[in-house]
There are 2 protein chains.
Amino acid sequence: MARNTQVAADHNAPPITQILAQFVAHHPSRGWSDAVDHEAHRTFMNWLGCAVGAAHHEAADAALAAVNMLQPAAQASVLGRTEKVDMASAALINGITSHTFDFDDTHLKTIIHPAGPVASAVLAMAEHLGNSGREVIDALVIGIDVSCRVGNAMYPDHYDRGWHITGSTGTLGAAAACARLLKLDVQQTAMALGIAASQPIGMREQFGTMTKPFHPGGAARAGLMSALLASKGYTASPKALEAPRGMMQTVSTKNDWTEITGELGERFEISFNSYKPFACGIVIHPSIDACAQLRKQGVTPDQIDRIELKVHSLVLELTGKKEPQDGLQAKFSVYHGCAAGLTFGYAAEEEFSDEVVNRADMVALRRKVVATVDDSINEASADVTAVLLDGRRVHVFVEHAIGSLKNPMSDAQLEAKFQGMSDAILGAGQTSELINACWAMGNAANVKAVVALASPTRP
Amino acid sequence: MARNTQVAADHNAPPITQILAQFVAHHPSRGWSDAVDHEAHRTFMNWLGCAVGAAHHEAADAALAAVNMLQPAAQASVLGRTEKVDMASAALINGITSHTFDFDDTHLKTIIHPAGPVASAVLAMAEHLGNSGREVIDALVIGIDVSCRVGNAMYPDHYDRGWHITGSTGTLGAAAACARLLKLDVQQTAMALGIAASQPIGMREQFGTMTKPFHPGGAARAGLMSALLASKGYTASPKALEAPRGMMQTVSTKNDWTEITGELGERFEISFNSYKPFACGIVIHPSIDACAQLRKQGVTPDQIDRIELKVHSLVLELTGKKEPQDGLQAKFSVYHGCAAGLTFGYAAEEEFSDEVVNRADMVALRRKVVATVDDSINEASADVTAVLLDGRRVHVFVEHAIGSLKNPMSDAQLEAKFQGMSDAILGAGQTSELINACWAMGNAANVKAVVALASPTRP
């Protein structure tokens, strides 16, 4: 029955579902620059390292125990573990683990973590179906383009409203990528996107719980299933994304369609992907980076009288916890970040463990950090001066922290990050082989060989 | 980073997630009146008949083919078929089939079709785990209470915004019901609701496609998995429903919390469930009912000169198609509805088949229907006069059509509806046994015996 609604409908949207389906089905393989293709390999490797690293987190154990209640077929690998489950469940679990450390990639314009939903779906399906590495990289670039473009169109309203944009757009990216992998035609690809459009996943209220990483996992699973359903003739609205009562207008009042249609097939959103060097919120990164640079200049913790830290007010507002009691609290402590940077030169998951956080030397060192607000400093920068016991002052100013778009992690730094997560799970030798396999992914005849390296050979 | 949002947040919501978890975990078995318990059995039987009836619809075939790509374990039955799949996939497929004919139940206050998500999840899980019929009925009443109460709180804004409220609230109902079945404690039940809260499913743009019935199926699946995850220790926000960035405030600007807390455990929403006697939109029902009453009074199609139909303008606005060309169009034709009512005395899925719609006698009869608008007649009523070739006039006025809350289908009528859907699939003898098993569900020691009757014994 007709009724007025609070939401003004846009009845003149371009045929977004059809336009994206055309792109997904027909854009040529490797139809982009070498830089884009290299970024796809970096995205893949960074995602894989995060998934392997969190393989034995309690969230992974719980999710796997639940999935095992379904007695799944052994189709695809749980990364970093010896178990195999059906491809949809593998997409779910690998999506969960890849986001568990909050250490994965970020499309800064939308704060989407794009690899989780897309790569988790693609690799699980490709492992079972025996696709080539090139097909996986193609699907990854195209799937990420779909989710980030939909994100661009809806951001920020959609996010402000309460949606965890990684999961809500990730279902579409995963569906697009799996449709590509299955070589669906335009019509079936549109149906895959349409089925996925009814399944946006993720509320921001879940941040700080296991349901946050469930969002990319659930999105991966839902996208993979949407593509399978479409491949078997299941139907959806051909205007499921853009119609007045379709997904995008239902979950966002802002929808800038040109963000989807503009330069489609020419500009690739994966070009704007970034990778976290440190396993914590992005506002602490410049301070950690600055302290790591002090360490490189020879400053050691035992020389320190105090560390004078000047940052934007937002940094202390979000991460001003002076005396963190455990790892989770430490992720919201710029003081701990500085101590870790000076002590270790970096701050990965291990440096945010309860054990490290409560070490006497760490407690002592972070108490020597004197933070002051200076709003003339950008929130993405940090000004740090180490005042030494002998009276010397050593100053470092970080304008763009390592890992930002202006100062991206090098390939070698990504490898080191990968090793930091994977060595303990797979051993250093196999980790090194796996890194090489990641860089060569686009040439792999069959991804099964790559995936095999991501499971411990000795359980 | 802080930013103003367009949506005013309610920071003072009662602890809805916790309140519902307490109710789900601790409300006593059969803690309601005999009338409520009988309505639960009617809801279960009506849902089961719809699922069996659509077992071989092309949507079921497509969904099953996709699920079979996962090589599922044979844990639970696809109703009306011989195949078994894992319990989560059975929840999906049975949820799809039960809504495929648009012939299932309706909670009129919210237009939620409540059984689809809840019963599909509960029965699949119970079959695998071997629960009793009483446990299934308890879970059904409690799960439907959760989804309909959340629906009451958000309706109409949530629906107007574009959400297919059956799927978006159904995930919570299915999670609640499965949590109950698994005997989760309050804390784990809250986590199950919380995980489900991140997965609202369904956009109204999908109406008219297979993705419409996917919504209750997907909700059943997601709810079942949420309960399994919670049972293994997976966590979510304990305020996932009510928090400012939780599910309800994210997907609806209207949230009347008292709809959830008021008379919880005393008033049961399943009491307000209704069942469709006819397989079409509810506004045609009074006209079909009136013509069926003419038939009962001895009026036959060959006696008819014309049928004078007076209805509210809305009826012709929504269902004014004079010359439907196929079954789907006929569902929007009050003219076909009148012809079917007079010819058959009812209008189930078969009477909306392409074949029946194009029969010469049906085409001729519906051309004799002269419809006029009379807005003094309620949209839930119809005024019909058969003008016979001999000049006689036979008049019927239907104030409340059969199937409405004021004039509910009798148990015998529900049985006849069930037979109409099931006889062709299971045979009349087995259908009759299954009907008896449905009425005795609350006493069944193990639901496996009931479910066995819902699969054809001779494939």
# chains A, B, ... in the order shown; residues from 1 in each chain; ligands from 1
call {"tool": "residues_around", "arguments": {"residues": "Leu318 (chain B)", "least_positions_apart": "5", "cutoff": "12 Å", "atoms": "only C-alpha atoms", "output": "list in words"}}
result
Met1 and Ala2 of chain A; Cys280, Gly281, Ile282, Val283, Ile284, Val311, His312, Ser313, Gln329, Ala330, Lys331, Phe332, Ser333, Val334 and Glu379 of chain B
call {"tool": "residues_around", "arguments": {"residues": "region 300-307 of chain A", "least_positions_apart": "5", "cutoff": "6 Å", "atoms": "only C-alpha atoms", "output": "MDAnalysis selection string"}}
result
chainID A and resid 368:370 385:389
call {"tool": "write_last_selection", "arguments": {"atoms": "N, CA and C atoms", "output": "tab-separated table (two decimals), in the first residue's frame"}}
result
chain	number	residue	atom	x	y	z
A	368	LYS	N	57.52	7.77	30.48
A	368	LYS	CA	58.43	8.88	30.15
A	368	LYS	C	57.95	9.68	28.94
A	369	VAL	N	56.82	9.26	28.38
A	369	VAL	CA	56.27	9.99	27.22
A	369	VAL	C	55.40	11.14	27.72
A	370	VAL	N	55.74	12.37	27.32
A	370	VAL	CA	54.96	13.55	27.70
A	370	VAL	C	54.27	14.06	26.45
A	385	THR	N	60.47	14.54	20.19
A	385	THR	CA	61.83	14.87	20.62
A	385	THR	C	62.23	13.96	21.77
A	386	ALA	N	63.32	13.24	21.59
A	386	ALA	CA	63.85	12.43	22.69
A	386	ALA	C	64.81	13.31	23.49
A	387	VAL	N	64.49	13.49	24.78
A	387	VAL	CA	65.42	14.21	25.65
A	387	VAL	C	66.20	13.15	26.43
A	388	LEU	N	67.53	13.13	26.21
A	388	LEU	CA	68.33	12.05	26.78
A	388	LEU	C	68.85	12.43	28.16
A	389	LEU	N	69.27	11.42	28.92
A	389	LEU	CA	69.77	11.64	30.28
A	389	LEU	C	71.01	12.54	30.28
call {"tool": "closest_residue", "arguments": {"among": "B:Pro408, B:Pro213, B:Gly420, B:Pro15", "to": "chain A", "atoms": "only C-alpha atoms"}}
result
B:Pro213
call {"tool": "residues_around", "arguments": {"residues": "Gly208 (chain A)", "least_positions_apart": "5", "cutoff": "10 Å", "atoms": "only C-alpha atoms", "output": "ChimeraX atom specification"}}
result
/A:213,328 /B:235-237
call {"tool": "write_last_selection", "arguments": {"atoms": "C-alpha atoms", "output": "PDB file, in the first residue's frame"}}
result
ATOM      1  CA  PRO A 213      36.120  -9.626  11.564  1.00  0.00           C
ATOM      2  CA  LEU A 328      43.470  -4.387  23.560  1.00  0.00           C
TER       3      LEU A 328
ATOM      4  CA  THR B 235      31.373 -12.978  20.489  1.00  0.00           C
ATOM      5  CA  ALA B 236      29.393  -9.922  19.445  1.00  0.00           C
ATOM      6  CA  SER B 237      28.390  -6.654  21.042  1.00  0.00           C
TER       7      SER B 237
END
call {"tool": "interface_residues", "arguments": {"of": "chain B", "to": "chain A", "cutoff": "6 Å", "atoms": "only C-alpha atoms", "output": "PyMOL selection string"}}
result
chain B and resi 5+62+66+70-71+73+86+160-162+198-199+201-206+209-211+228-229+232-237+245-246+250
call {"tool": "residues_around", "arguments": {"residues": "region 442-454 of chain B", "least_positions_apart": "2", "cutoff": "10 Å", "atoms": "only C-alpha atoms", "output": "NGL selection string"}}
result
:B and (30 or 37-38 or 40-41 or 48-49 or 51-52 or 76-82 or 123-124 or 126-138 or 422 or 425-426 or 430-440 or 456-457)
call {"tool": "write_last_selection", "arguments": {"atoms": "C-alpha atoms", "output": "short mmCIF file (atom, residue, chain, number, x, y, z; two decimals), in the first residue's frame"}}
result
data_model
loop_
_atom_site.label_atom_id
_atom_site.label_comp_id
_atom_site.auth_asym_id
_atom_site.auth_seq_id
_atom_site.Cartn_x
_atom_site.Cartn_y
_atom_site.Cartn_z
CA ARG B 30 4.89 -24.12 26.81
CA ASP B 37 0.15 -23.38 21.43
CA HIS B 38 -2.50 -24.35 18.90
CA ALA B 40 1.98 -22.49 16.79
CA HIS B 41 0.89 -25.84 15.39
CA LEU B 48 5.40 -27.00 6.02
CA GLY B 49 2.72 -27.31 3.35
CA ALA B 51 7.60 -25.70 1.57
CA VAL B 52 6.52 -29.14 0.38
CA ALA B 76 18.72 -32.48 7.12
CA SER B 77 15.94 -32.93 4.59
CA VAL B 78 14.97 -30.72 1.70
CA LEU B 79 11.22 -30.80 2.38
CA GLY B 80 9.13 -32.45 -0.32
CA ARG B 81 12.22 -33.98 -1.94
CA THR B 82 14.47 -36.94 -1.32
CA LEU B 123 13.37 -27.79 11.84
CA ALA B 124 16.66 -28.27 9.96
CA ALA B 126 16.24 -30.14 15.15
CA GLU B 127 16.23 -32.88 12.53
CA HIS B 128 20.00 -33.15 12.67
CA LEU B 129 20.27 -32.90 16.44
CA GLY B 130 17.23 -35.08 17.11
CA ASN B 131 15.20 -32.64 19.19
CA SER B 132 11.65 -33.29 20.38
CA GLY B 133 8.56 -31.73 18.82
CA ARG B 134 7.94 -29.77 22.01
CA GLU B 135 11.39 -28.18 21.75
CA VAL B 136 10.63 -27.21 18.15
CA ILE B 137 7.26 -25.67 19.01
CA ASP B 138 8.79 -23.77 21.93
CA SER B 422 1.19 -31.70 -0.77
CA ILE B 425 4.20 -34.28 -4.10
CA LEU B 426 3.78 -36.84 -1.32
CA GLN B 430 1.30 -39.76 3.21
CA THR B 431 -0.03 -36.19 3.18
CA SER B 432 -2.78 -37.25 5.54
CA GLU B 433 -0.26 -38.89 7.87
CA LEU B 434 1.90 -35.78 7.75
CA ILE B 435 -1.06 -33.56 8.66
CA ASN B 436 -1.74 -35.72 11.69
CA ALA B 437 1.93 -35.57 12.63
CA CYS B 438 1.81 -31.76 12.43
CA TRP B 439 -1.14 -31.54 14.83
CA ALA B 440 0.70 -33.89 17.20
CA PRO B 456 8.43 -38.70 -0.85
CA THR B 457 8.92 -42.35 0.03
#
call {"tool": "select_by_dssp", "arguments": {"residues": "region 179-427 of chain B", "states": "alpha helix (DSSP H)", "output": "PyMOL selection string"}}
result
chain B and resi 179-181+186-197+211-231+247-251+258-261+285-296+313-319+327-330+334-344+354-357+360-367+411-426
call {"tool": "select_by_dssp", "arguments": {"residues": "region 263-409 of chain A", "states": "strand (DSSP E or B)", "output": "PyMOL selection string"}}
result
chain A and resi 264+267+273-275+304-311+320+333+369-373+382-388+393-398+404+407
call {"tool": "residues_around", "arguments": {"residues": "Ile96 (chain B)", "least_positions_apart": "3", "cutoff": "7 Å", "atoms": "only C-alpha atoms", "output": "list in words"}}
result
Leu92, Ile93, His99, Thr100, Pro213, Phe214, Pro216 and Gly217 of chain B
call {"tool": "write_last_selection", "arguments": {"atoms": "C-alpha atoms", "output": "mmCIF file, in the first residue's frame"}}
result
data_model
loop_
_atom_site.group_PDB
_atom_site.id
_atom_site.type_symbol
_atom_site.label_atom_id
_atom_site.label_comp_id
_atom_site.auth_asym_id
_atom_site.auth_seq_id
_atom_site.Cartn_x
_atom_site.Cartn_y
_atom_site.Cartn_z
ATOM 1 C CA LEU B 92 18.251 -21.902 3.299
ATOM 2 C CA ILE B 93 16.387 -24.065 0.805
ATOM 3 C CA HIS B 99 7.911 -18.398 0.507
ATOM 4 C CA THR B 100 8.103 -19.209 -3.198
ATOM 5 C CA PRO B 213 12.013 -15.990 -1.268
ATOM 6 C CA PHE B 214 15.780 -16.054 -0.811
ATOM 7 C CA PRO B 216 13.543 -15.869 4.485
ATOM 8 C CA GLY B 217 15.889 -18.652 3.380
#
call {"tool": "atom_distance", "arguments": {"atom1": "CA of Asp256 (chain B)", "atom2": "CA of Ser271 (chain B)"}}
result
20.5 Å
call {"tool": "residues_around", "arguments": {"residues": "His107 (chain A)", "least_positions_apart": "5", "cutoff": "8 Å", "atoms": "only C-alpha atoms", "output": "NGL selection string"}}
result
:A and (112-114 or 148 or 269-270 or 272-274)
call {"tool": "write_last_selection", "arguments": {"atoms": "N, CA and C atoms", "output": "JSON list (two decimals), in the first residue's frame"}}
result
[["chain", "number", "residue", "atom", "x", "y", "z"],
["A", 112, "ILE", "N", 37.39, 1.33, 3.71],
["A", 112, "ILE", "CA", 37.09, -0.08, 3.43],
["A", 112, "ILE", "C", 38.40, -0.87, 3.54],
["A", 113, "HIS", "N", 38.30, -2.07, 4.15],
["A", 113, "HIS", "CA", 39.41, -3.02, 4.11],
["A", 113, "HIS", "C", 39.09, -3.98, 2.98],
["A", 114, "PRO", "N", 39.58, -3.72, 1.78],
["A", 114, "PRO", "CA", 38.98, -4.35, 0.60],
["A", 114, "PRO", "C", 39.34, -5.81, 0.37],
["A", 148, "CYS", "N", 34.87, -0.99, -3.75],
["A", 148, "CYS", "CA", 35.34, 0.35, -3.41],
["A", 148, "CYS", "C", 34.58, 1.44, -4.18],
["A", 269, "GLU", "N", 40.58, 1.16, -8.29],
["A", 269, "GLU", "CA", 40.62, 1.56, -6.88],
["A", 269, "GLU", "C", 41.70, 0.83, -6.09],
["A", 270, "ILE", "N", 42.14, -0.32, -6.59],
["A", 270, "ILE", "CA", 43.20, -1.04, -5.87],
["A", 270, "ILE", "C", 44.49, -0.22, -5.88],
["A", 272, "PHE", "N", 44.72, 2.65, -4.90],
["A", 272, "PHE", "CA", 44.69, 3.52, -3.72],
["A", 272, "PHE", "C", 44.63, 2.71, -2.43],
["A", 273, "ASN", "N", 45.03, 1.45, -2.53],
["A", 273, "ASN", "CA", 45.04, 0.60, -1.34],
["A", 273, "ASN", "C", 46.30, 0.88, -0.53],
["A", 274, "SER", "N", 46.18, 0.77, 0.79],
["A", 274, "SER", "CA", 47.36, 0.97, 1.65],
["A", 274, "SER", "C", 47.43, -0.17, 2.66]]
call {"tool": "atom_distance", "arguments": {"atom1": "CA of Arg295 (chain A)", "atom2": "CA of Gly327 (chain A)"}}
result
22.5 Å
call {"tool": "residues_around", "arguments": {"residues": "region 261-265 of chain A", "least_positions_apart": "3", "cutoff": "8 Å", "atoms": "only C-alpha atoms", "output": "list in words"}}
result
Ile16, Ile19, Phe23, His27, Gly31, Trp257, Thr258 and Phe268 of chain A
call {"tool": "atom_distance", "arguments": {"atom1": "CA of Arg392 (chain A)", "atom2": "CA of Asp289 (chain A)"}}
result
20.6 Å
call {"tool": "decode", "arguments": {"residues": "region 331-409 of chain A", "atoms": "C-alpha atoms", "output": "PDB file, in the first residue's frame"}}
result
ATOM      1  CA  LYS A 331      45.919  -0.419  20.843  1.00  0.00           C
ATOM      2  CA  PHE A 332      44.332   2.797  22.079  1.00  0.00           C
ATOM      3  CA  SER A 333      47.489   4.121  23.758  1.00  0.00           C
ATOM      4  CA  VAL A 334      49.830   6.403  21.821  1.00  0.00           C
ATOM      5  CA  TYR A 335      52.115   6.127  24.888  1.00  0.00           C
ATOM      6  CA  HIS A 336      52.517   2.393  24.383  1.00  0.00           C
ATOM      7  CA  GLY A 337      52.965   2.999  20.658  1.00  0.00           C
ATOM      8  CA  CYS A 338      55.922   5.294  21.312  1.00  0.00           C
ATOM      9  CA  ALA A 339      57.487   2.824  23.741  1.00  0.00           C
ATOM     10  CA  ALA A 340      57.107  -0.013  21.244  1.00  0.00           C
ATOM     11  CA  GLY A 341      58.520   2.072  18.395  1.00  0.00           C
ATOM     12  CA  LEU A 342      61.624   2.991  20.379  1.00  0.00           C
ATOM     13  CA  THR A 343      62.104  -0.501  21.824  1.00  0.00           C
ATOM     14  CA  PHE A 344      61.363  -2.677  18.797  1.00  0.00           C
ATOM     15  CA  GLY A 345      61.338  -0.350  15.786  1.00  0.00           C
ATOM     16  CA  TYR A 346      57.836  -1.488  14.933  1.00  0.00           C
ATOM     17  CA  ALA A 347      54.575  -2.638  16.583  1.00  0.00           C
ATOM     18  CA  ALA A 348      52.973  -5.736  15.155  1.00  0.00           C
ATOM     19  CA  GLU A 349      50.468  -8.011  16.893  1.00  0.00           C
ATOM     20  CA  GLU A 350      53.111  -9.433  19.224  1.00  0.00           C
ATOM     21  CA  GLU A 351      54.057  -5.948  20.447  1.00  0.00           C
ATOM     22  CA  PHE A 352      50.409  -5.445  21.456  1.00  0.00           C
ATOM     23  CA  SER A 353      50.227  -8.723  23.398  1.00  0.00           C
ATOM     24  CA  ASP A 354      49.261  -8.626  27.082  1.00  0.00           C
ATOM     25  CA  GLU A 355      52.715  -9.904  27.945  1.00  0.00           C
ATOM     26  CA  VAL A 356      54.649  -7.166  26.170  1.00  0.00           C
ATOM     27  CA  VAL A 357      52.240  -4.473  27.338  1.00  0.00           C
ATOM     28  CA  ASN A 358      52.849  -5.415  30.969  1.00  0.00           C
ATOM     29  CA  ARG A 359      56.635  -5.792  30.752  1.00  0.00           C
ATOM     30  CA  ALA A 360      58.331  -3.595  33.355  1.00  0.00           C
ATOM     31  CA  ASP A 361      60.580  -1.852  30.807  1.00  0.00           C
ATOM     32  CA  MET A 362      57.558  -1.016  28.622  1.00  0.00           C
ATOM     33  CA  VAL A 363      55.590   0.369  31.573  1.00  0.00           C
ATOM     34  CA  ALA A 364      58.587   2.483  32.600  1.00  0.00           C
ATOM     35  CA  LEU A 365      59.300   3.765  29.117  1.00  0.00           C
ATOM     36  CA  ARG A 366      55.744   4.816  28.286  1.00  0.00           C
ATOM     37  CA  ARG A 367      55.590   6.769  31.567  1.00  0.00           C
ATOM     38  CA  LYS A 368      58.425   8.876  30.147  1.00  0.00           C
ATOM     39  CA  VAL A 369      56.273   9.989  27.220  1.00  0.00           C
ATOM     40  CA  VAL A 370      54.965  13.546  27.703  1.00  0.00           C
ATOM     41  CA  ALA A 371      52.247  14.213  25.162  1.00  0.00           C
ATOM     42  CA  THR A 372      51.003  17.694  24.336  1.00  0.00           C
ATOM     43  CA  VAL A 373      48.355  18.855  21.925  1.00  0.00           C
ATOM     44  CA  ASP A 374      49.333  21.014  18.977  1.00  0.00           C
ATOM     45  CA  ASP A 375      46.547  21.448  16.462  1.00  0.00           C
ATOM     46  CA  SER A 376      48.937  23.078  13.989  1.00  0.00           C
ATOM     47  CA  ILE A 377      50.234  19.552  13.441  1.00  0.00           C
ATOM     48  CA  ASN A 378      48.191  17.466  11.026  1.00  0.00           C
ATOM     49  CA  GLU A 379      46.433  14.440  12.513  1.00  0.00           C
ATOM     50  CA  ALA A 380      48.440  12.228  10.140  1.00  0.00           C
ATOM     51  CA  SER A 381      51.758  13.651  11.458  1.00  0.00           C
ATOM     52  CA  ALA A 382      53.765  13.579  14.687  1.00  0.00           C
ATOM     53  CA  ASP A 383      56.547  15.676  16.228  1.00  0.00           C
ATOM     54  CA  VAL A 384      58.806  13.773  18.638  1.00  0.00           C
ATOM     55  CA  THR A 385      61.835  14.874  20.619  1.00  0.00           C
ATOM     56  CA  ALA A 386      63.852  12.434  22.687  1.00  0.00           C
ATOM     57  CA  VAL A 387      65.416  14.212  25.650  1.00  0.00           C
ATOM     58  CA  LEU A 388      68.327  12.053  26.783  1.00  0.00           C
ATOM     59  CA  LEU A 389      69.771  11.643  30.281  1.00  0.00           C
ATOM     60  CA  ASP A 390      72.944  13.360  29.106  1.00  0.00           C
ATOM     61  CA  GLY A 391      70.894  16.415  28.095  1.00  0.00           C
ATOM     62  CA  ARG A 392      71.025  15.849  24.337  1.00  0.00           C
ATOM     63  CA  ARG A 393      67.795  16.398  22.341  1.00  0.00           C
ATOM     64  CA  VAL A 394      67.101  14.291  19.238  1.00  0.00           C
ATOM     65  CA  HIS A 395      64.192  15.509  17.103  1.00  0.00           C
ATOM     66  CA  VAL A 396      62.124  13.689  14.462  1.00  0.00           C
ATOM     67  CA  PHE A 397      59.150  15.059  12.558  1.00  0.00           C
ATOM     68  CA  VAL A 398      57.011  12.586  10.604  1.00  0.00           C
ATOM     69  CA  GLU A 399      54.762  14.259   8.072  1.00  0.00           C
ATOM     70  CA  HIS A 400      53.423  11.118   6.380  1.00  0.00           C
ATOM     71  CA  ALA A 401      53.789   7.941   8.368  1.00  0.00           C
ATOM     72  CA  ILE A 402      55.061   4.792   6.789  1.00  0.00           C
ATOM     73  CA  GLY A 403      52.114   2.933   5.275  1.00  0.00           C
ATOM     74  CA  SER A 404      50.267   6.053   4.133  1.00  0.00           C
ATOM     75  CA  LEU A 405      49.605   6.626   0.427  1.00  0.00           C
ATOM     76  CA  LYS A 406      52.313   9.313   0.359  1.00  0.00           C
ATOM     77  CA  ASN A 407      54.842   7.026   2.017  1.00  0.00           C
ATOM     78  CA  PRO A 408      53.827   3.457   1.173  1.00  0.00           C
ATOM     79  CA  MET A 409      55.465   0.379   2.628  1.00  0.00           C
TER      80      MET A 409
END
